[in-house]
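Undergrad: Can you read through this structure? Questions will come right after.
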Amino acid sequence: MLGLCARGVLRGGLRGARVGPARLMGTHGRNEPREALNSPKRAKEFIYRLHPGERRCLLEQLQNFESMAVAQETLEPTAPSAAQIRYVLFHNALPFVGFGFLDNAIMIAAGTQIELSIGITLGISTMAAAALGNLVSDLAGLGLAGYVEALASKLGMAVPDLSPKQADMWQTKFTCHLGKAIGVTVGCILGMFPLLFLSDEDEKDKEATTRAEDC
């Protein structure tokens, strides 16, 4: 099992290669590999991007992980229990709730303001304003993604207590992807809350402004 220290180092590097929703909130950082770390070239690129302290921590945890895997080679692997599966699901879903929430909320708020301001001046369409709102959301995500992960860590979500063989089982991997998908879905739905504050007056103001400019 990778420890907390390795989790913090590897999370940014491995998430983008394994999970589709990582595009949300710009969570793939500018230094994050876009492909799986399954080749010497990719692994070398990832290692060179780490700070010295992160490399030492990563090496120590990888050695611990491999030692545990070798020690358990002769043991009969057991599937994760229902409690472990639930914890893995919740552990992976929680950060992505924050990602989905901020992504949708910022996109809706920014897109609306763009449409009602420079959108009218430049005469851009609603879809163009939404695209610009998504741009603002992604740019905000470059700075906010780290805070979301830090907040999730402060909530006491430790690394699931799994053996190396259990971590590699299909049940664990499937649950990880399912948890992230559920987290993004819930977060995006919650992130639609700005729509509650948007009234028909905004559309009326836009139509009035457009008619005034036409005259």
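As shown in the structure tokens, the chain order sets the letters A, B, ...; within each chain, residues go from 1, and ligands are also counted from 1 in the order they appear.
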List the spatial neighbours of A:Thr78 as a PyMOL selection string - criterion: any atom at most 10 Å away, only C-alpha atoms, same-chain residues fewer than 4 positions off excluded.
TA: chain A and resi 163+165-166+169
Undergrad: Write a file of the just-selected residues containing all heavy atoms, as a PDB file, in the first residue's frame.
TA:
ATOM      1  N   SER A 163      -3.915  -4.399   0.641  1.00  0.00           N
ATOM      2  CA  SER A 163      -2.631  -5.030   0.325  1.00  0.00           C
ATOM      3  C   SER A 163      -2.289  -4.736  -1.134  1.00  0.00           C
ATOM      4  O   SER A 163      -3.165  -4.348  -1.917  1.00  0.00           O
ATOM      5  CB  SER A 163      -2.723  -6.534   0.556  1.00  0.00           C
ATOM      6  OG  SER A 163      -3.588  -7.127  -0.396  1.00  0.00           O
ATOM      7  N   LYS A 165      -1.758  -6.729  -3.588  1.00  0.00           N
ATOM      8  CA  LYS A 165      -2.560  -7.555  -4.483  1.00  0.00           C
ATOM      9  C   LYS A 165      -3.997  -7.062  -4.546  1.00  0.00           C
ATOM     10  O   LYS A 165      -4.623  -7.065  -5.620  1.00  0.00           O
ATOM     11  CB  LYS A 165      -2.516  -9.013  -4.033  1.00  0.00           C
ATOM     12  CG  LYS A 165      -1.172  -9.687  -4.279  1.00  0.00           C
ATOM     13  CD  LYS A 165      -1.237 -11.171  -3.973  1.00  0.00           C
ATOM     14  CE  LYS A 165       0.091 -11.850  -4.297  1.00  0.00           C
ATOM     15  NZ  LYS A 165       0.053 -13.310  -4.044  1.00  0.00           N
ATOM     16  N   GLN A 166      -4.531  -6.631  -3.417  1.00  0.00           N
ATOM     17  CA  GLN A 166      -5.898  -6.104  -3.419  1.00  0.00           C
ATOM     18  C   GLN A 166      -5.988  -4.809  -4.210  1.00  0.00           C
ATOM     19  O   GLN A 166      -6.982  -4.557  -4.904  1.00  0.00           O
ATOM     20  CB  GLN A 166      -6.368  -5.875  -1.983  1.00  0.00           C
ATOM     21  CG  GLN A 166      -6.679  -7.135  -1.212  1.00  0.00           C
ATOM     22  CD  GLN A 166      -7.076  -6.851   0.219  1.00  0.00           C
ATOM     23  OE1 GLN A 166      -6.586  -5.918   0.844  1.00  0.00           O
ATOM     24  NE2 GLN A 166      -7.984  -7.667   0.760  1.00  0.00           N
ATOM     25  N   MET A 169      -6.430  -5.555  -7.896  1.00  0.00           N
ATOM     26  CA  MET A 169      -7.576  -6.347  -8.326  1.00  0.00           C
ATOM     27  C   MET A 169      -8.568  -5.505  -9.105  1.00  0.00           C
ATOM     28  O   MET A 169      -8.682  -4.289  -8.907  1.00  0.00           O
ATOM     29  CB  MET A 169      -8.275  -6.971  -7.114  1.00  0.00           C
ATOM     30  CG  MET A 169      -7.482  -8.089  -6.469  1.00  0.00           C
ATOM     31  SD  MET A 169      -8.371  -8.842  -5.084  1.00  0.00           S
ATOM     32  CE  MET A 169      -7.238 -10.160  -4.656  1.00  0.00           C
TER      33      MET A 169
END
Undergrad: Within 9 Å of stretch 98-111 of chain A, counting only C-alpha atoms, which residues qualify if same-chain residues fewer than 4 places away don't, as a ChimeraX atom specification?
TA: /A:21-22,24-27,94,115-116,126-138,140-141,144-145,148-149,152,183-195
Undergrad: Leaving out A:Ser153 and any residue of its chain fewer than 2 positions from it, which residues lie within 10 Å of it when counting only C-alpha atoms, given as a PyMOL selection string?
TA: chain A and resi 4+8+91+94-95+147-151+155-159
Undergrad: For A:Ile182, which residue among A:Met68, A:Leu196, A:Leu50, A:Ala93 is the nearest when counting only C-alpha atoms?
TA: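 Nearest to A:Ile182: A:Ala93.
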Undergrad: Would you please extract all alpha helix (DSSP H) residues from stretch 23-131 of chain A, as assigned by DSSP on the backbone, and give them as a count of residues only?
TA: 75
Undergrad: Please list as a PyMOL selection string every residue within 12 Å of A:Leu89, counting only C-alpha atoms and excluding residues in the same chain fewer than 5 positions away.
TA: chain A and resi 82-84+94-96+157+159-160+171-183
Undergrad: Between atom CA of A:Phe90 and atom CA of A:Cys57, what is the distance, to one decimal in Å?
TA: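 Atom CA of A:Cys57 lies 25.7 Å from atom CA of A:Phe90.
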